[in-house]
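This report concerns only the one structure given below.
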Amino acid sequence: MPDNEGFNGTWHTAAKLGDVSEGEPHGVEIAGHAVALYRVGGEFYATGNICSHAEALLSDGLLDGCEIECPLHMGRFDIRSGEALTSPVEIDIPTYPVRVAGDSLEVCLPD
Ligand code: FES
């Protein structure tokens, strides 16, 4: 699980662990950031929730392993790195460190 080493930001409670189901993207709004949360193979990940192509919500898309497919034009991103993988997306999306705190998931967002 990624931590916040080398990342300047503030930890925020993002969701209850039970709200983030295996293989189901979960969109949240935290401190003005649109964030998508994911659980894959028991690990948690967080990315920006806005597609870099035309601003669709990635949490409405299809999660296939560690790839999120945008619901609008089917571009794909790697949720671990934010890398834009398939046309028409060309610009990476942000990723954020996550950690489990009790029964909650926390995300570190830039200040
Ligand atoms: S809006 Fe996401 S691929 Fe076009």
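All residue names refer to the structure tokens as shown: chains lettered A, B, ... in order, residues numbered from 1 in each chain, ligands numbered from 1 in order.
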Listing only residues of chain A within 6 Å of ligand 1, what is the closest atom pair and its distance in Å (to one decimal) for each, using only C-alpha atoms and all ligand atoms, sorted by chain and residue number ascending, as CSV?
residue,atom,partner,partner_atom_place_in_ligand_line,distance
A:Cys51,CA,ligand 1,2 (Fe),4.7
A:His53,CA,ligand 1,1 (S),4.6
A:Ala54,CA,ligand 1,1 (S),3.7
A:Glu55,CA,ligand 1,1 (S),5.2
A:Ala56,CA,ligand 1,1 (S),4.7
A:Cys70,CA,ligand 1,2 (Fe),4.6
A:Leu72,CA,ligand 1,1 (S),5.0
A:His73,CA,ligand 1,3 (S),4.0
A:Met74,CA,ligand 1,3 (S),5.1
A:Gly75,CA,ligand 1,3 (S),4.1
A:Pro88,CA,ligand 1,3 (S),5.7
A:Val89,CA,ligand 1,3 (S),5.5
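Excluding Ile91 of chain A itself and any same-chain residue fewer than 6 positions from it, the protein and nucleic acid residues within 8 Å of it, counting only C-alpha atoms, are Ser52, His53, Glu83 and Ala84 of chain A.
Here atom CA of Pro25 of chain A stands at a distance of 9.5 Å from atom CA of Asn49 of chain A.
From atom CA of Ile50 of chain A back to atom CA of Ala36 of chain A, the distance works out to 8.5 Å.
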What are the DSSP strand (DSSP E) residues of chain A, as a PyMOL selection string?
chain A and resi 10-16+26-30+33-40+43-48+62-64+67-69+76-78+84-86+95-96+98-101+104-109
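By only C-alpha atoms, and with residues fewer than 5 positions from Arg99 of chain A along its chain excluded, the set lying at most 12 Å from it is Met1, Pro2, Asp3, Asn4, Trp11, His12, Thr13, Ala14, Ala15, Lys16, Leu17, Leu37, Arg39, Glu43, Phe44, Tyr45, Ala46, Ser104, Leu105, Glu106, Val107 and Cys108 of chain A.
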For the residues in the current selection, export N, CA and C atoms as a PDB file, in the first residue's frame.
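Result went into selection.pdb, see below:
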ATOM      1  N   MET A   1       0.847  -1.196   0.000  1.00  0.00           N
ATOM      2  CA  MET A   1       0.000   0.000   0.000  1.00  0.00           C
ATOM      3  C   MET A   1       0.885   1.249   0.000  1.00  0.00           C
ATOM      4  N   PRO A   2       0.599   2.218  -0.850  1.00  0.00           N
ATOM      5  CA  PRO A   2       1.449   3.404  -0.891  1.00  0.00           C
ATOM      6  C   PRO A   2       1.362   4.194   0.415  1.00  0.00           C
ATOM      7  N   ASP A   3       2.433   4.882   0.795  1.00  0.00           N
ATOM      8  CA  ASP A   3       2.347   5.796   1.924  1.00  0.00           C
ATOM      9  C   ASP A   3       2.632   7.196   1.395  1.00  0.00           C
ATOM     10  N   ASN A   4       2.818   8.136   2.318  1.00  0.00           N
ATOM     11  CA  ASN A   4       2.968   9.519   1.846  1.00  0.00           C
ATOM     12  C   ASN A   4       4.409   9.976   1.834  1.00  0.00           C
ATOM     13  N   TRP A  11      -3.622  14.326   5.611  1.00  0.00           N
ATOM     14  CA  TRP A  11      -4.452  13.123   5.611  1.00  0.00           C
ATOM     15  C   TRP A  11      -5.896  13.484   5.924  1.00  0.00           C
ATOM     16  N   HIS A  12      -6.813  12.915   5.166  1.00  0.00           N
ATOM     17  CA  HIS A  12      -8.248  13.129   5.350  1.00  0.00           C
ATOM     18  C   HIS A  12      -8.943  11.778   5.425  1.00  0.00           C
ATOM     19  N   THR A  13      -9.951  11.687   6.283  1.00  0.00           N
ATOM     20  CA  THR A  13     -10.798  10.503   6.252  1.00  0.00           C
ATOM     21  C   THR A  13     -11.614  10.533   4.968  1.00  0.00           C
ATOM     22  N   ALA A  14     -11.549   9.454   4.201  1.00  0.00           N
ATOM     23  CA  ALA A  14     -12.187   9.442   2.883  1.00  0.00           C
ATOM     24  C   ALA A  14     -13.466   8.621   2.859  1.00  0.00           C
ATOM     25  N   ALA A  15     -13.492   7.512   3.592  1.00  0.00           N
ATOM     26  CA  ALA A  15     -14.648   6.613   3.559  1.00  0.00           C
ATOM     27  C   ALA A  15     -14.491   5.560   4.634  1.00  0.00           C
ATOM     28  N   LYS A  16     -15.591   4.910   4.955  1.00  0.00           N
ATOM     29  CA  LYS A  16     -15.521   3.694   5.759  1.00  0.00           C
ATOM     30  C   LYS A  16     -15.002   2.579   4.849  1.00  0.00           C
ATOM     31  N   LEU A  17     -14.220   1.683   5.420  1.00  0.00           N
ATOM     32  CA  LEU A  17     -13.675   0.603   4.589  1.00  0.00           C
ATOM     33  C   LEU A  17     -14.800  -0.165   3.882  1.00  0.00           C
ATOM     34  N   LEU A  37     -11.894   6.111  -5.082  1.00  0.00           N
ATOM     35  CA  LEU A  37     -11.274   5.111  -4.223  1.00  0.00           C
ATOM     36  C   LEU A  37     -11.512   3.732  -4.827  1.00  0.00           C
ATOM     37  N   ARG A  39     -10.641  -0.703  -4.268  1.00  0.00           N
ATOM     38  CA  ARG A  39     -10.088  -1.826  -3.514  1.00  0.00           C
ATOM     39  C   ARG A  39      -9.868  -2.953  -4.524  1.00  0.00           C
ATOM     40  N   GLU A  43      -6.073  -4.476  -1.492  1.00  0.00           N
ATOM     41  CA  GLU A  43      -5.295  -3.234  -1.389  1.00  0.00           C
ATOM     42  C   GLU A  43      -6.168  -2.053  -1.787  1.00  0.00           C
ATOM     43  N   PHE A  44      -5.891  -0.903  -1.184  1.00  0.00           N
ATOM     44  CA  PHE A  44      -6.650   0.304  -1.486  1.00  0.00           C
ATOM     45  C   PHE A  44      -5.808   1.270  -2.311  1.00  0.00           C
ATOM     46  N   TYR A  45      -6.494   2.012  -3.182  1.00  0.00           N
ATOM     47  CA  TYR A  45      -5.847   3.005  -4.046  1.00  0.00           C
ATOM     48  C   TYR A  45      -6.772   4.212  -4.157  1.00  0.00           C
ATOM     49  N   ALA A  46      -6.168   5.363  -4.471  1.00  0.00           N
ATOM     50  CA  ALA A  46      -6.963   6.581  -4.684  1.00  0.00           C
ATOM     51  C   ALA A  46      -6.377   7.344  -5.863  1.00  0.00           C
ATOM     52  N   SER A 104     -11.676   3.026   8.855  1.00  0.00           N
ATOM     53  CA  SER A 104     -11.767   4.061   7.822  1.00  0.00           C
ATOM     54  C   SER A 104     -10.577   4.002   6.874  1.00  0.00           C
ATOM     55  N   LEU A 105     -10.791   4.583   5.703  1.00  0.00           N
ATOM     56  CA  LEU A 105      -9.714   4.756   4.725  1.00  0.00           C
ATOM     57  C   LEU A 105      -9.355   6.231   4.702  1.00  0.00           C
ATOM     58  N   GLU A 106      -8.070   6.528   4.808  1.00  0.00           N
ATOM     59  CA  GLU A 106      -7.605   7.907   4.760  1.00  0.00           C
ATOM     60  C   GLU A 106      -6.807   8.133   3.496  1.00  0.00           C
ATOM     61  N   VAL A 107      -6.917   9.344   2.971  1.00  0.00           N
ATOM     62  CA  VAL A 107      -6.218   9.727   1.745  1.00  0.00           C
ATOM     63  C   VAL A 107      -5.410  10.990   2.033  1.00  0.00           C
ATOM     64  N   CYS A 108      -4.196  11.031   1.540  1.00  0.00           N
ATOM     65  CA  CYS A 108      -3.357  12.214   1.711  1.00  0.00           C
ATOM     66  C   CYS A 108      -3.485  13.084   0.452  1.00  0.00           C
TER      67      CYS A 108
END
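Nearest to Leu57 of chain A of all the residues A:Asp78, A:Glu90, A:Glu29, A:Glu22 is A:Glu29, based on only C-alpha atoms.
Straight-line separation from atom CA of Val100 of chain A to atom CA of Leu63 of chain A: 21.0 Å.
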